[in-house]
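Here is the structure we will look at, set down as structure tokens.
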Amino acid sequence: MLQAIQLQFAYNPQATFSYPDIHCSQETPLLITGKSGTGKTTLLHLLGCLLRPSGGRLIIDGTDTGLLPSGKLDRFRGKHIGIIYQSAHFMSALSVLDNVLLPRFFTRATPDTDKAKQLAARLQIDHLLHKLPAQLSKGEQQRVSIARALINNPQLLLADEPTSSLDDDNTDRVIQLLQEQAALSRAMLIVVSHDARLKQHFSNSVFLEG
Amino acid sequence: MTAKIILKNLIQHPLSTLLSLLLLTCGTGIISMLLVTQHQLATKLDNDLQDIDMVVGAKGSPLQLVLSSVYQIDAPVGNISLNEADKIAALPLVKQAIPLAFGDSYQACRIVGTDSNYLRKYGCRFREGHIFNRPLEAVIGSQAAALTGLKVGDTFVGMHGLGSSGHVHAEFKYRVTGILEQNNTVADQLILTNVASVWKIHEHHDDQGYPAYPVSRHEMEHDHAEHDKQITALLIKYRSPVAMISLPRMINETTPMQAAIPQLELKRLFSLMGVGIQTLQAIAFAIVLLSGMSIFIALYARLKERKYELALARAMGSSRLLISWFLVCEGLIMVITGFMAGMLLSRLGLYLLSKYAGSRYHISVFKNSLLPEEWYLLSATLMLGLLAAALPAIKAFRLNISKTLAHE
């Protein structure tokens, strides 16, 4: 269960964002849409605990994230939140397998290679584990990002514009994949996108007004 | 995984890593070579000096007198009369006077006529055989034995002069009576005999028109009476410190001989060499500083392209400290590797120097343990690494994750 109550963020006194209350649960994935400049990415970063809000509260599965000191927030983020970025980024010097295992390492969990291989099999990237990320296609890289976001069994899976450069067929496929994988990992899914095609896939959505 | 991340990052940019390493290796290598050479030289000089307070010899360069008679590395200045030398030795302020008569050699090893006190002074022990008792008996130092291959009972003939070619004293054969153990003093590379042997060989020469004593050109013009025996130098130990004030002056002013004080001459020699060594050291330190700069630039420039990776790490749960630690470790690993390579380079250089030049100057500069100064050098290099990594690490610590991730 995720609750974001009256979240606010200010880059400077002139540019403040106030967000509507957001609720999300495991059963109903959430789509957050809105035009450019309405603070979509900022909201994603707030929900992903990459930014601290200047007002309001964010409660993820009972934890009031505003009360965590910065070191603990880092750990909380690593353990409970998986983020899929708009363009996939990796530690380019490490293999795909090591990249998938990175969140385990950063949260000081044991490197669970079996789990990584399971996820890879689920996402059909198990034949790519020993390659370098740069040797993969964009679609494969996105799948690796999904595996990496799910390796720690997070409660929340965030996706930033996962379909921005895809055609209709692939858009459907990616959204289905995300929903499927989130459900399999029992994670709440929140997708942030300006892509109007996604609305049909989500019963629960929030539209940000400028 | 930490090690993996750090190492893979270093290897990912091999050229800039290599440049930093190369600079550091050269810098620390040169500094270490200078330190060790200086240290070994000082130890060696000190070792050979023992407790010799003063050297008495013919007038000329005091430095040359010290180098030739104490260290056996320069040509002798000339000869002094035995009578005069005996007078000095008999002075109450003199505790011990060891006569030296040299100028001949065998296969580049110097033949030095002296007495048993000389062997005692350098703490020589016999590996086999015994000391010379009669004229034309000889004791061989360990290095000299290795070089010439002489064994107890062998005979050999001395050659006039210290060079590679000269008149061979074929009429007189030395017989080896003993071989010394190695004790890292000047005695190692000498062939020792008694003074009488040297006299015997050169007395004979007088008849044939050869100089009575080797390498003393001005003596050639004179004919010497049989009784006017000569030696090359006297090594003197004072009975009391008072002698230090009066004795050298007395000898220099009232006798045809000169007194040289080894300590003073060495100090003079080192101050002459010091300029060169300091210049080299300054250059080496500049190279080390440059390598520090290059490590800093490498880390700093790479930080720009790695910002996203570091932000990603933070997003995946890494603490600020950990990603700063990555950068510090990279700096430290570079300086430690550079330092170790520098030490290897320096030891390799010293080994080669010892091998090819050591025997010529009778000095071994090789040393496989680290000098205290080199430990200081290590801590200085570590500081340099920390310093070079400090700013990039602070920048990484302060990294704004959201901004970095959003702007990619």
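All residue names refer to the structure tokens as shown: chains lettered A, B, ... in order, residues numbered from 1 in each chain, ligands numbered from 1 in order.
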Give me the chain A side of the contact with chain B, cut-off 10 Å, one line per residue showing its nearest atom pair and distance in Å at one decimal, counting only C-alpha atoms, sorted by chain and residue number, as a tab-separated table.
residue	atom	partner	partner_atom	distance
A:Thr41	CA	B:Ala406	CA	7.1
A:Thr42	CA	B:Ser402	CA	8.0
A:Leu44	CA	B:Ser402	CA	9.7
A:His45	CA	B:Ser402	CA	6.4
A:Leu46	CA	B:Ser402	CA	8.9
A:Gly48	CA	B:Ala315	CA	8.3
A:Cys49	CA	B:Ala315	CA	8.4
A:Leu50	CA	B:Ser402	CA	5.6
A:Leu51	CA	B:Ser402	CA	6.2
A:Arg52	CA	B:Ser402	CA	9.9
A:Ser70	CA	B:Ser319	CA	8.5
A:Gly71	CA	B:Ser319	CA	6.1
A:Lys72	CA	B:Ser319	CA	8.7
A:Leu73	CA	B:Gly317	CA	8.2
A:Asp74	CA	B:Gly317	CA	4.7
A:Arg75	CA	B:Gly317	CA	4.8
A:Phe76	CA	B:Gly317	CA	7.1
A:Arg77	CA	B:Gly317	CA	5.5
A:Gly78	CA	B:Gly317	CA	3.5
A:Lys79	CA	B:Gly317	CA	7.0
A:His80	CA	B:Gly317	CA	9.3
A:Ile81	CA	B:Met316	CA	8.2
A:Gly82	CA	B:Met316	CA	7.6
A:Ile83	CA	B:Ala315	CA	8.1
A:Tyr85	CA	B:Leu405	CA	8.3
A:Gln86	CA	B:Glu408	CA	9.0
A:Ser87	CA	B:Glu408	CA	8.0
A:His89	CA	B:Glu309	CA	7.4
A:Phe90	CA	B:Glu309	CA	6.6
A:Met91	CA	B:Glu309	CA	5.8
A:Ser92	CA	B:Glu309	CA	8.3
A:Ala93	CA	B:Lys8	CA	5.6
A:Leu94	CA	B:Lys8	CA	7.1
A:Asp98	CA	B:Met1	CA	8.6
A:Leu101	CA	B:Met1	CA	9.6
A:Leu102	CA	B:Met316	CA	7.5
A:Pro103	CA	B:Met316	CA	5.1
A:Arg104	CA	B:Met316	CA	8.6
A:Phe105	CA	B:Met1	CA	7.1
A:Phe106	CA	B:Ser318	CA	4.8
A:Thr107	CA	B:Gly317	CA	5.6
A:Arg108	CA	B:Ser318	CA	9.0
A:Pro111	CA	B:Met1	CA	9.2
A:Arg148	CA	B:Met316	CA	9.2
A:Ala149	CA	B:Met316	CA	8.4
A:Asn152	CA	B:Met316	CA	9.7
Produce a file of the selected residues containing N, CA and C atoms, as a tab-separated table (two decimals), in the first residue's frame.
chain	number	residue	atom	x	y	z
A	41	THR	N	8.46	13.64	-13.87
A	41	THR	CA	9.71	13.00	-13.42
A	41	THR	C	10.00	13.35	-11.96
A	42	THR	N	9.68	14.60	-11.60
A	42	THR	CA	9.87	15.00	-10.20
A	42	THR	C	9.03	14.13	-9.28
A	44	LEU	N	7.98	11.10	-9.92
A	44	LEU	CA	8.58	9.75	-9.89
A	44	LEU	C	9.74	9.72	-8.91
A	45	HIS	N	10.58	10.76	-8.93
A	45	HIS	CA	11.72	10.80	-8.02
A	45	HIS	C	11.28	10.94	-6.56
A	46	LEU	N	10.16	11.67	-6.36
A	46	LEU	CA	9.62	11.78	-4.99
A	46	LEU	C	9.13	10.42	-4.51
A	48	GLY	N	10.06	7.60	-5.64
A	48	GLY	CA	11.20	6.68	-5.53
A	48	GLY	C	12.16	7.06	-4.43
A	49	CYS	N	11.81	8.07	-3.65
A	49	CYS	CA	12.65	8.52	-2.55
A	49	CYS	C	14.02	9.00	-3.02
A	50	LEU	N	14.12	9.43	-4.27
A	50	LEU	CA	15.36	10.02	-4.74
A	50	LEU	C	15.40	11.50	-4.36
A	51	LEU	N	14.22	12.06	-4.14
A	51	LEU	CA	14.09	13.44	-3.69
A	51	LEU	C	13.25	13.43	-2.42
A	52	ARG	N	13.53	14.38	-1.54
A	52	ARG	CA	12.67	14.54	-0.38
A	52	ARG	C	11.66	15.64	-0.68
A	70	SER	N	18.91	10.14	6.30
A	70	SER	CA	19.30	9.93	4.91
A	70	SER	C	19.96	8.57	4.67
A	71	GLY	N	20.79	8.10	5.61
A	71	GLY	CA	21.42	6.79	5.43
A	71	GLY	C	20.39	5.68	5.36
A	72	LYS	N	19.39	5.76	6.26
A	72	LYS	CA	18.35	4.72	6.28
A	72	LYS	C	17.45	4.82	5.07
A	73	LEU	N	17.25	6.04	4.60
A	73	LEU	CA	16.44	6.22	3.41
A	73	LEU	C	17.12	5.55	2.20
A	74	ASP	N	18.47	5.69	2.15
A	74	ASP	CA	19.22	5.03	1.08
A	74	ASP	C	18.95	3.52	1.10
A	75	ARG	N	19.05	2.93	2.29
A	75	ARG	CA	18.85	1.48	2.43
A	75	ARG	C	17.41	1.10	2.08
A	76	PHE	N	16.46	1.94	2.56
A	76	PHE	CA	15.03	1.68	2.32
A	76	PHE	C	14.76	1.67	0.82
A	77	ARG	N	15.33	2.68	0.15
A	77	ARG	CA	15.14	2.80	-1.28
A	77	ARG	C	15.69	1.57	-1.99
A	78	GLY	N	16.89	1.16	-1.57
A	78	GLY	CA	17.52	0.01	-2.21
A	78	GLY	C	16.73	-1.25	-2.01
A	79	LYS	N	16.14	-1.41	-0.82
A	79	LYS	CA	15.45	-2.67	-0.50
A	79	LYS	C	14.04	-2.73	-1.05
A	80	HIS	N	13.35	-1.61	-1.02
A	80	HIS	CA	11.92	-1.66	-1.25
A	80	HIS	C	11.44	-1.01	-2.53
A	81	ILE	N	12.34	-0.33	-3.24
A	81	ILE	CA	11.89	0.36	-4.44
A	81	ILE	C	12.77	-0.04	-5.62
A	82	GLY	N	12.12	-0.46	-6.70
A	82	GLY	CA	12.87	-0.73	-7.92
A	82	GLY	C	12.46	0.28	-8.97
A	83	ILE	N	13.45	0.86	-9.64
A	83	ILE	CA	13.12	1.90	-10.61
A	83	ILE	C	13.63	1.50	-12.00
A	85	TYR	N	14.42	3.16	-15.47
A	85	TYR	CA	14.60	4.52	-16.00
A	85	TYR	C	14.22	4.56	-17.46
A	86	GLN	N	13.97	5.81	-17.91
A	86	GLN	CA	13.56	6.03	-19.29
A	86	GLN	C	14.56	5.43	-20.28
A	87	SER	N	15.84	5.79	-20.09
A	87	SER	CA	16.84	5.09	-20.90
A	87	SER	C	17.66	4.23	-19.94
A	89	HIS	N	20.38	2.46	-18.00
A	89	HIS	CA	21.78	2.74	-17.67
A	89	HIS	C	22.33	1.67	-16.78
A	90	PHE	N	23.60	1.35	-17.00
A	90	PHE	CA	24.22	0.29	-16.23
A	90	PHE	C	25.61	0.72	-15.81
A	91	MET	N	26.20	-0.08	-14.93
A	91	MET	CA	27.63	0.07	-14.69
A	91	MET	C	28.29	-0.63	-15.85
A	92	SER	N	28.81	0.17	-16.77
A	92	SER	CA	29.20	-0.37	-18.06
A	92	SER	C	30.37	-1.35	-17.96
A	93	ALA	N	31.14	-1.27	-16.87
A	93	ALA	CA	32.30	-2.17	-16.75
A	93	ALA	C	31.89	-3.55	-16.26
A	94	LEU	N	30.66	-3.69	-15.76
A	94	LEU	CA	30.24	-4.97	-15.17
A	94	LEU	C	29.36	-5.76	-16.15
A	98	ASP	N	26.21	-9.19	-13.10
A	98	ASP	CA	26.64	-8.36	-11.99
A	98	ASP	C	25.76	-7.12	-11.86
A	101	LEU	N	22.71	-7.99	-10.14
A	101	LEU	CA	22.94	-8.25	-8.72
A	101	LEU	C	23.30	-7.00	-7.92
A	102	LEU	N	23.57	-5.89	-8.62
A	102	LEU	CA	24.03	-4.69	-7.91
A	102	LEU	C	23.15	-4.25	-6.75
A	103	PRO	N	21.80	-4.23	-6.91
A	103	PRO	CA	20.98	-3.79	-5.78
A	103	PRO	C	21.15	-4.69	-4.55
A	104	ARG	N	21.44	-5.97	-4.78
A	104	ARG	CA	21.72	-6.87	-3.64
A	104	ARG	C	22.97	-6.37	-2.92
A	105	PHE	N	23.99	-6.06	-3.72
A	105	PHE	CA	25.25	-5.61	-3.14
A	105	PHE	C	25.09	-4.30	-2.37
A	106	PHE	N	24.37	-3.35	-2.99
A	106	PHE	CA	24.27	-2.04	-2.35
A	106	PHE	C	23.40	-2.06	-1.10
A	107	THR	N	22.53	-3.04	-0.98
A	107	THR	CA	21.74	-3.15	0.25
A	107	THR	C	22.35	-4.18	1.18
A	108	ARG	N	23.58	-4.56	0.87
A	108	ARG	CA	24.35	-5.51	1.70
A	108	ARG	C	23.63	-6.83	1.90
A	111	PRO	N	24.62	-11.92	-2.50
A	111	PRO	CA	24.36	-11.93	-3.94
A	111	PRO	C	23.63	-13.20	-4.34
A	148	ARG	N	16.83	-6.06	-12.81
A	148	ARG	CA	17.58	-5.38	-11.75
A	148	ARG	C	16.63	-4.72	-10.76
A	149	ALA	N	15.53	-4.13	-11.27
A	149	ALA	CA	14.60	-3.45	-10.38
A	149	ALA	C	13.87	-4.44	-9.47
A	152	ASN	N	15.56	-7.32	-5.64
A	152	ASN	CA	15.43	-7.23	-4.18
A	152	ASN	C	14.01	-7.47	-3.69
| field | Non-local contacts of region 116-132 of chain A (6 Å; only C-alpha atoms; under 5 positions in same chain excluded) as number ranges by chain | value | A: 95-97, 147
Among the residues of region 4-209 of chain B, find those DSSP assigns to alpha helix (DSSP H) from the backbone and print them as a compact mmCIF listing (two decimals) with C-alpha atoms, in the first residue's frame.
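Result saved to selection-v5.txt:
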# COMPACT_ATOMS: atom_id res chain seq x y z
CA LYS B 4 35.24 -5.83 -8.72
CA ILE B 5 33.60 -2.48 -9.32
CA ILE B 6 36.77 -0.54 -8.52
CA LEU B 7 39.11 -2.72 -10.54
CA LYS B 8 36.81 -2.92 -13.53
CA ASN B 9 36.51 0.84 -13.51
CA LEU B 10 40.28 1.22 -13.44
CA ILE B 11 40.73 -1.25 -16.27
CA GLN B 12 38.00 0.38 -18.31
CA PRO B 14 43.57 1.66 -19.35
CA LEU B 15 45.43 4.54 -20.96
CA SER B 16 44.77 7.21 -18.38
CA THR B 17 45.34 4.68 -15.59
CA LEU B 18 48.58 3.63 -17.27
CA LEU B 19 49.78 7.22 -17.61
CA SER B 20 49.23 7.91 -13.94
CA LEU B 21 50.92 4.66 -12.98
CA LEU B 22 53.87 5.29 -15.25
CA LEU B 23 54.51 8.73 -13.82
CA LEU B 24 54.24 7.46 -10.29
CA THR B 25 56.46 4.47 -11.00
CA CYS B 26 59.19 6.67 -12.46
CA GLY B 27 58.94 9.25 -9.70
CA THR B 28 59.01 6.86 -6.75
CA GLY B 29 61.52 4.64 -8.53
CA ILE B 30 64.03 7.44 -9.00
CA ILE B 31 63.58 8.72 -5.46
CA SER B 32 64.01 5.28 -4.02
CA MET B 33 67.11 4.60 -6.12
CA LEU B 34 68.67 7.83 -4.92
CA LEU B 35 67.78 7.06 -1.31
CA VAL B 36 69.18 3.55 -1.43
CA THR B 37 72.34 4.54 -3.31
CA GLN B 38 73.00 7.28 -0.80
CA HIS B 39 72.27 5.00 2.12
CA GLN B 40 74.42 2.15 0.86
CA LEU B 41 77.24 4.54 0.01
CA ALA B 42 77.12 6.13 3.45
CA THR B 43 77.00 2.72 5.15
CA LYS B 44 79.82 1.44 3.05
CA LEU B 45 81.97 4.51 3.65
CA ASP B 46 81.24 4.36 7.34
CA ASN B 47 82.01 0.68 7.49
CA ASP B 48 85.33 1.13 5.79
CA LEU B 49 86.25 4.09 7.91
CA PRO B 62 93.70 15.23 1.06
CA LEU B 63 90.56 13.77 -0.52
CA GLN B 64 92.68 11.64 -2.82
CA LEU B 65 94.75 10.49 0.14
CA VAL B 66 91.63 9.41 2.02
CA LEU B 67 90.01 7.75 -0.99
CA SER B 68 93.16 5.88 -1.93
CA SER B 69 94.33 4.68 1.46
CA LEU B 82 109.34 5.14 6.77
CA ASN B 83 111.54 7.10 9.16
CA GLU B 84 109.17 10.04 9.17
CA ALA B 85 106.19 7.76 9.49
CA ASP B 86 107.75 5.94 12.43
CA LYS B 87 108.25 9.26 14.17
CA ILE B 88 104.56 10.01 13.88
CA ALA B 89 103.59 6.53 15.02
CA SER B 116 98.01 -7.70 11.28
CA ASN B 117 96.43 -4.64 12.92
CA TYR B 118 94.77 -3.84 9.61
CA LEU B 119 93.01 -7.20 9.58
CA ARG B 120 92.06 -6.77 13.19
CA LYS B 121 90.66 -3.28 12.57
CA SER B 142 86.60 -12.79 -0.23
CA GLN B 143 85.62 -10.77 -3.30
CA ALA B 144 89.18 -10.74 -4.53
CA ALA B 145 89.27 -14.52 -4.12
CA ALA B 146 86.07 -14.88 -6.10
CA LEU B 147 87.36 -12.57 -8.81
CA THR B 148 90.82 -14.07 -9.19
CA VAL B 195 104.93 -4.30 4.06
CA ALA B 196 108.20 -6.16 3.71
CA SER B 197 106.86 -8.00 0.62
CA VAL B 198 106.24 -4.73 -1.15
CA TRP B 199 109.69 -3.53 -0.20
CA LYS B 200 111.28 -6.73 -1.39
CA ILE B 201 109.68 -6.52 -4.81
CA HIS B 202 110.47 -2.90 -5.34
CA GLU B 203 113.99 -2.91 -3.90
CA HIS B 204 114.85 -5.16 -6.74
CA HIS B 205 113.37 -2.69 -9.16
CA ASP B 206 115.69 0.03 -8.03
CA ASP B 207 118.52 -1.85 -9.58
CA GLN B 208 116.70 -1.99 -12.88
| task | Run DSSP on the backbone of this structure and report the residues of region 252-298 of chain B it assigns to strand (DSSP E or B), as a list of chain:residue names. | result |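 Going through region 252-298 of chain B, the strand (DSSP E or B) residues come out as B:Met257, B:Gln258, B:Ala259, B:Ala260.
Using only C-alpha atoms, the shortest contact distance between Ile190 (chain A) and any of A:Leu158, A:Thr63, A:Gln3, A:Ser36 is found at A:Leu158.
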| query | Hey, what's within 7 Å of Gly292 (chain B) if we count only C-alpha atoms and toss same-chain stuff fewer than 4 positions away? As a VMD selection string, please? | reply | chain B and resid 288 296 384 to 385 388
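Within 10 Å of Tyr11 (chain A), once only C-alpha atoms are used and residues closer than 3 positions along the same chain are dropped, the contacting residues are Gln14, Ala15, Thr16, Phe17, Thr42 and Ser54 of chain A.
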| query | From the list B:Val94, B:Val55, B:Leu378, B:Leu303, which residue is nearest Pro241 (chain B) when using only C-alpha atoms? | reply |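 Of the candidates, the smallest distance to Pro241 (chain B) is held by B:Val94.
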| remark: Pairwise distance, CA of Leu272 (chain B) with CA of Trp375 (chain B), equals 27.1 Å
| request: Rounded to one decimal place, report the CA of Val242 (chain B)-CA of Ile261 (chain B) distance in Å. | output: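 Pair CA of Val242 (chain B) / CA of Ile261 (chain B) returns 14.3 Å.
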| message | Under the rule that only C-alpha atoms are counted, which of A:Glu209, A:Asp195, A:Asp61, A:Glu180 is the nearest residue to Ser164 (chain A)? | response |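 Using only C-alpha atoms, the shortest distance to Ser164 (chain A) belongs to A:Asp195.
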